[in-house]
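To start, the structure under review is shown below, and the notes come after it.
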Amino acid sequence: MNLLRLAWKSLLNRRSTVLLTMLTIAVSVALLLGVEKVRAHARQSFANTVSGTDLIVGARSGSVQLLLYSVFRIGNATNNISWDSYQEIAALPGVRWAIPISLGDSHRGYRVVGTTRDYFEHFRYANKRRLEFSAGQAFQDTYDAVLGAEVARQLGYQSGDRLIVTHGLGADGLAADHSDKPFAVSGVLAPTGTPVDRSVHVSLAGIEAIHINWNKVETDPTLARSSSDLRPRAITAFMLGLDSRLLAFKLQREINQYASEPLLAIFPGVALQELWDLMRVAEQALGIISLLVAAAAMVGLLAVSLAALNERRREMAILRSVGASHLHVMGLLISESALLTAFGIGLGMVLQSAVLLVLQPWLVDRFGLFLPFGLHGAREWAMLGGLLLAGILVGLFPAWLGYRNSLADGLSTRL
Amino acid sequence: MLKKPTLVALAFACSTPAIAQQSAHVHGFVSINLAIDDEKLQIEFVSPAESIVGFEYEPSTATERKAVVDAIALLRNPAKLFVLPAGAGCELHEVEAERHVEDDHEEHAEHEEHKEHEEDEHAKHGEDGEDEHAHEDSGVGESHSEFHAHYHFDCKNTVIETIELRLFETWPRIEEVRVQALTPRGQVGDNIGASDPVIRLQ
């Protein structure tokens with residue numbers, strides 16, 4: 001009889017304990033794969049978000065902080081920077097493009113980003129890919145808005161729909177609706193897998209407009225619309241693209257020594273590395289914990305196999321009596337352990353994908369972290385292979401005991 | 001409304017406090033900025049003088065003066081500092097090296113060579129850690145001095161993956177190098193120590 005089939009049937013016969021053991025292995029596999037995925041892809045995902053931006057400029061704070069709030073929309077700016085500074089720096093020789101960003105408002109939990117049409121022209125993500133519209137076009141009017149793919153999908157908006165922007169970052173907008181100034185959706189962006197998907201983009205004039213007299217009861221939107229007051233006074237940060245990387249260090253120094261306002265210019269890729277250095281300890285701790293959980297799962301497997309062995313003495317003796325050799329009995333026990341581990345690994349991969357499916361939007365939203373599905377690296381395969389090998393090795397011990405027992409049982413007269 | 005500063009005023013704005021992250025004066029810590037674009041490789045090197053010659057005051061004895069001259073001579077020979085991959089086919093096009101003394105209001109520099117960009121130089125000088133320590137105007141005493149060097153290479157192939165650093169051997173007082181690199185394939189930031197003296201550009 002086919003050994004694997006026999007092993008399979010034997011496992012089925014003890015399905016409740018086997019299932020629990022399999023679950024333990026699955027959880028450890030999911031954890032191992034999850035930690036490895038974060039390790040391998042977080043960096044790539046973060047790097048993808050700022051592709052092609054040479055410098056990011058904001059109020060003087062820390063470089064990591066500026067990176068987090070300007071690009072990943074994590075946390076808030078310590079201070080705004082003046083529109084005049086922006087214009088002066090954007091006009092410096094060597095600056096090819098500049099994208100201003102104004103943060104601080106939201107729409108039903110999604111951040112509103114005030115910017116210019118240059119955003120759609122020059123912003124790059126992943127491997128220098130530009131933003132594409134899946135519907136409509138960039139904003140034209142003060143009260144136009146461009147939605148990220150996720151916002152449009154989740155809230156069911158289409159071009160031409162109206163939406164109301166909330167002052168501050170509350171999810172439900174109880175505090176301060178700018179309901180006197182509804183925005184119309186002028187376009188929807190194609191998915192990018194970056195925080196852009198979860199942003200509502202409006203013009204800087206739009207941001208100014210919603211803040212003009214927003215606390216007064218009576219406001220005529222048409223007045224604000226035509227008013228020259230819509231010229232922005234301050235923005236949160238801006239991104240710069242340069243003609244040549246060779247100018248970047250010089251320009252960074254000039255901006256950092258800017259006389260009329262304390263500014264900070266950072267290289268997003270370098271700041272990202274600093275962030276990574278900070279997170280390295282946590283990353284290593286997670287790696288060690290997931291290895292320990294895997295080890296615990298293996299010990300669990302061993303415990304269950306040994307416990308079962310005692311109950312299966314009769315089974316082994318019968319196998320021997322119908323002509324199974326010692327090697328067959330050993331092979332059966334090892335196969336069982338290997339099968340159980342393999343199924344545990346399979347279940348773990350499914351479990352990990354299921355958890356990712358649930359967490360993915362939240363990870364993109366909170367951390368700007370886009371983790372793809374599936375296995376991607378040799379490291380992941382090596383881990384799974386290692387675990388399977390551990391499962392086989394764990395099977396060796398009961399196999400050896402079973403071999404000894406079947407010999408003793410075969411010779412004993414009690415049967 | 002504040003008077004808008006012109007570009008030149010910006011460049012000479014030396015009294016602004018420095019950004020610590022960019023170039024704090026810490027003995028043993030060297031910073032290397034590297035940019036690659038359009039078949040050109042540019043490297044900036046800034047080191048506290050202490051880490052190279054062992055002192056920061058004005059050289060007064062013949063030995064001290066010789067140490068400074070030797071250091072500048074070494075700096076002018078980039079092969080002593082880093083090794084570019086042979087496949088890149090880089091040729092040194094221009095080099096500047098100097099000892100740079102920092103006071104509160106005046107800037108002194110002993111130029112070995114000074115070909116161009118007066119403005120650049122002054123822009124650079126303004127940044128260095130003035131807020132780190134109090135300064136006295138005397139040449140000897142608490143003023144900091146640094147060695148600055150600029151290298152401009154023309155390269156046939158700018159897909160450079162690694163650059164080996166030799167400056168740990170040349171100047172054992174250097175403990176760590178803070179590298180910022182801007183390449184066509186992205187930006188890299190790294191701290192490099194003597195145990196693994198290689199800049200990896202991805």
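The chains in the structure tokens are called A, B, ... from first to last as shown; in each chain the residues are counted from 1, and the ligands are counted from 1 in the order shown.
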Spatial neighbours of range 232-246 of chain A, 6 Å, only C-alpha atoms, chain gap at least 4 places, as a CSV table (one decimal) with N, CA and C atoms, in the first residue's frame:
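So the final result, stored in part.csv, reads:
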```
chain,number,residue,atom,x,y,z
A,53,THR,N,11.5,62.1,-6.7
A,53,THR,CA,11.6,63.4,-6.0
A,53,THR,C,13.0,63.6,-5.4
A,54,ASP,N,13.6,64.7,-5.8
A,54,ASP,CA,15.0,64.9,-5.4
A,54,ASP,C,15.1,65.5,-3.9
A,55,LEU,N,14.2,66.4,-3.6
A,55,LEU,CA,14.3,67.1,-2.3
A,55,LEU,C,12.8,67.3,-1.8
A,56,ILE,N,12.6,67.2,-0.5
A,56,ILE,CA,11.4,67.6,0.1
A,56,ILE,C,11.7,68.7,1.1
A,57,VAL,N,10.9,69.8,1.0
A,57,VAL,CA,11.2,70.9,1.9
A,57,VAL,C,10.0,71.2,2.8
A,58,GLY,N,10.2,71.4,4.0
A,58,GLY,CA,9.2,71.7,5.0
A,58,GLY,C,9.7,72.6,6.1
A,80,ASN,N,3.8,75.4,9.3
A,80,ASN,CA,3.6,75.6,7.9
A,80,ASN,C,4.8,76.4,7.4
A,81,ILE,N,4.9,76.5,6.1
A,81,ILE,CA,5.9,77.4,5.5
A,81,ILE,C,5.2,78.4,4.6
A,82,SER,N,5.8,79.5,4.4
A,82,SER,CA,5.1,80.6,3.7
A,82,SER,C,5.1,80.3,2.2
A,83,TRP,N,4.1,80.8,1.5
A,83,TRP,CA,3.9,80.7,0.1
A,83,TRP,C,5.0,81.4,-0.6
A,94,GLY,N,18.1,75.6,-11.5
A,94,GLY,CA,18.3,74.2,-11.3
A,94,GLY,C,17.1,73.5,-10.8
A,95,VAL,N,16.0,74.2,-10.4
A,95,VAL,CA,14.8,73.5,-10.0
A,95,VAL,C,14.0,73.3,-11.3
A,96,ARG,N,13.7,72.0,-11.5
A,96,ARG,CA,12.9,71.7,-12.7
A,96,ARG,C,11.4,71.8,-12.5
A,97,TRP,N,11.0,71.2,-11.4
A,97,TRP,CA,9.6,71.3,-11.0
A,97,TRP,C,9.5,71.4,-9.5
A,98,ALA,N,8.3,71.9,-9.0
A,98,ALA,CA,8.0,72.0,-7.6
A,98,ALA,C,6.6,71.7,-7.4
A,99,ILE,N,6.3,70.9,-6.4
A,99,ILE,CA,4.9,70.5,-6.1
A,99,ILE,C,4.6,70.9,-4.7
A,100,PRO,N,3.7,71.9,-4.5
A,100,PRO,CA,3.4,72.3,-3.1
A,100,PRO,C,2.3,71.4,-2.6
A,101,ILE,N,2.3,71.2,-1.3
A,101,ILE,CA,1.4,70.3,-0.6
A,101,ILE,C,0.8,71.0,0.6
A,102,SER,N,-0.5,71.0,0.7
A,102,SER,CA,-1.1,71.6,1.8
A,102,SER,C,-2.0,70.6,2.5
B,35,ALA,N,27.2,62.4,-5.8
B,35,ALA,CA,26.1,62.5,-6.8
B,35,ALA,C,26.5,62.1,-8.1
B,37,ASP,N,25.3,62.0,-12.1
B,37,ASP,CA,24.3,62.4,-13.1
B,37,ASP,C,25.0,62.6,-14.5
```
Q: Considering only C-alpha atoms, return as a PyMOL selection string whatever protein or nucleic-acid residues lie within 10 Å of Val185 in chain A, sequence-local ones (same chain, fewer than 3 positions apart) excluded.
A: chain A and resi 136-139+143-147+152+157-163+182+188+200-202
Q: Up to 9 Å from chain B, what residues of chain A turn up? Count only C-alpha atoms and give them as a ChimeraX atom specification.
A: /A:47,51-52,54,62-63,84-85,88,92,244-250,253-260,264,267-274
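Taking CA of Ile72 in chain B and CA of Glu164 in chain B as the two end points, the separation is 20.5 Å.
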Q: Pick out the residues sitting within 12 Å of Ala71 in chain B, and hand them over as a PyMOL selection string; count only C-alpha atoms, and ignore anything fewer than 5 positions along from it in its own chain.
A: chain B and resi 47+49-54+64-66+76-78+80-81+97-99+112+146-149+167+170-171
**Q.** Minimum-distance residue to Leu201 in chain B, chosen among B:Val95, B:Ile160, B:Val83, B:Ala73 (using only C-alpha atoms)
**A.**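 Between B:Val95, B:Ile160, B:Val83, B:Ala73, the residue approaching Leu201 in chain B most closely is B:Ile160.
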Q | Selected residue, from A:Thr49, A:Ala317, A:Val151, A:Arg117, that lies nearest to Leu67 in chain A when counting only C-alpha atoms | A |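 Closest to Leu67 in chain A, using only C-alpha atoms: A:Thr49.
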Q: May I have the residues within 7 Å of range 206-209 of chain A as a VMD selection string, using only C-alpha atoms and disregarding those fewer than 2 positions away in the same chain?
A: chain A and resid 114 142 to 143 202 to 204 211 to 212 224 230 232
Q.
I need the residues of range 30-86 of chain B that end up classed as strand (DSSP E or B) by DSSP on the backbone, written out as an NGL selection string.
A. :B and (30-37 or 40-48 or 82-83)
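What separates CA of Gly395 in chain A from CA of Met330 in chain A is a distance of 8.8 Å.
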**Q.** Selected residue of minimal separation from Glu132 in chain A among A:Ala303, A:Val196, A:Val355, A:Ala7, counting only C-alpha atoms
**A.** A:Val196
**Q.** helix (DSSP H, G or I) residues, from DSSP on the backbone, in range 160-407 of chain A, as number ranges by chain
**A.** A: 195-198, 204-211, 221-226, 228-230, 245-256, 268-311, 313-321, 326-367, 378-407
Q: Quick one: pull the distance between CA of Leu327 in chain A and CA of Leu11 in chain A, Å, one decimal.
A: 18.8 Å
(Q) Taking 4 positions as the minimum chain separation for residues in the same chain, which residues sit within 10 Å of Pro372 in chain A when counting only C-alpha atoms? Answer as a PyMOL selection string. (A) chain A and resi 37-38+41+45+193+353+356-357+360+376
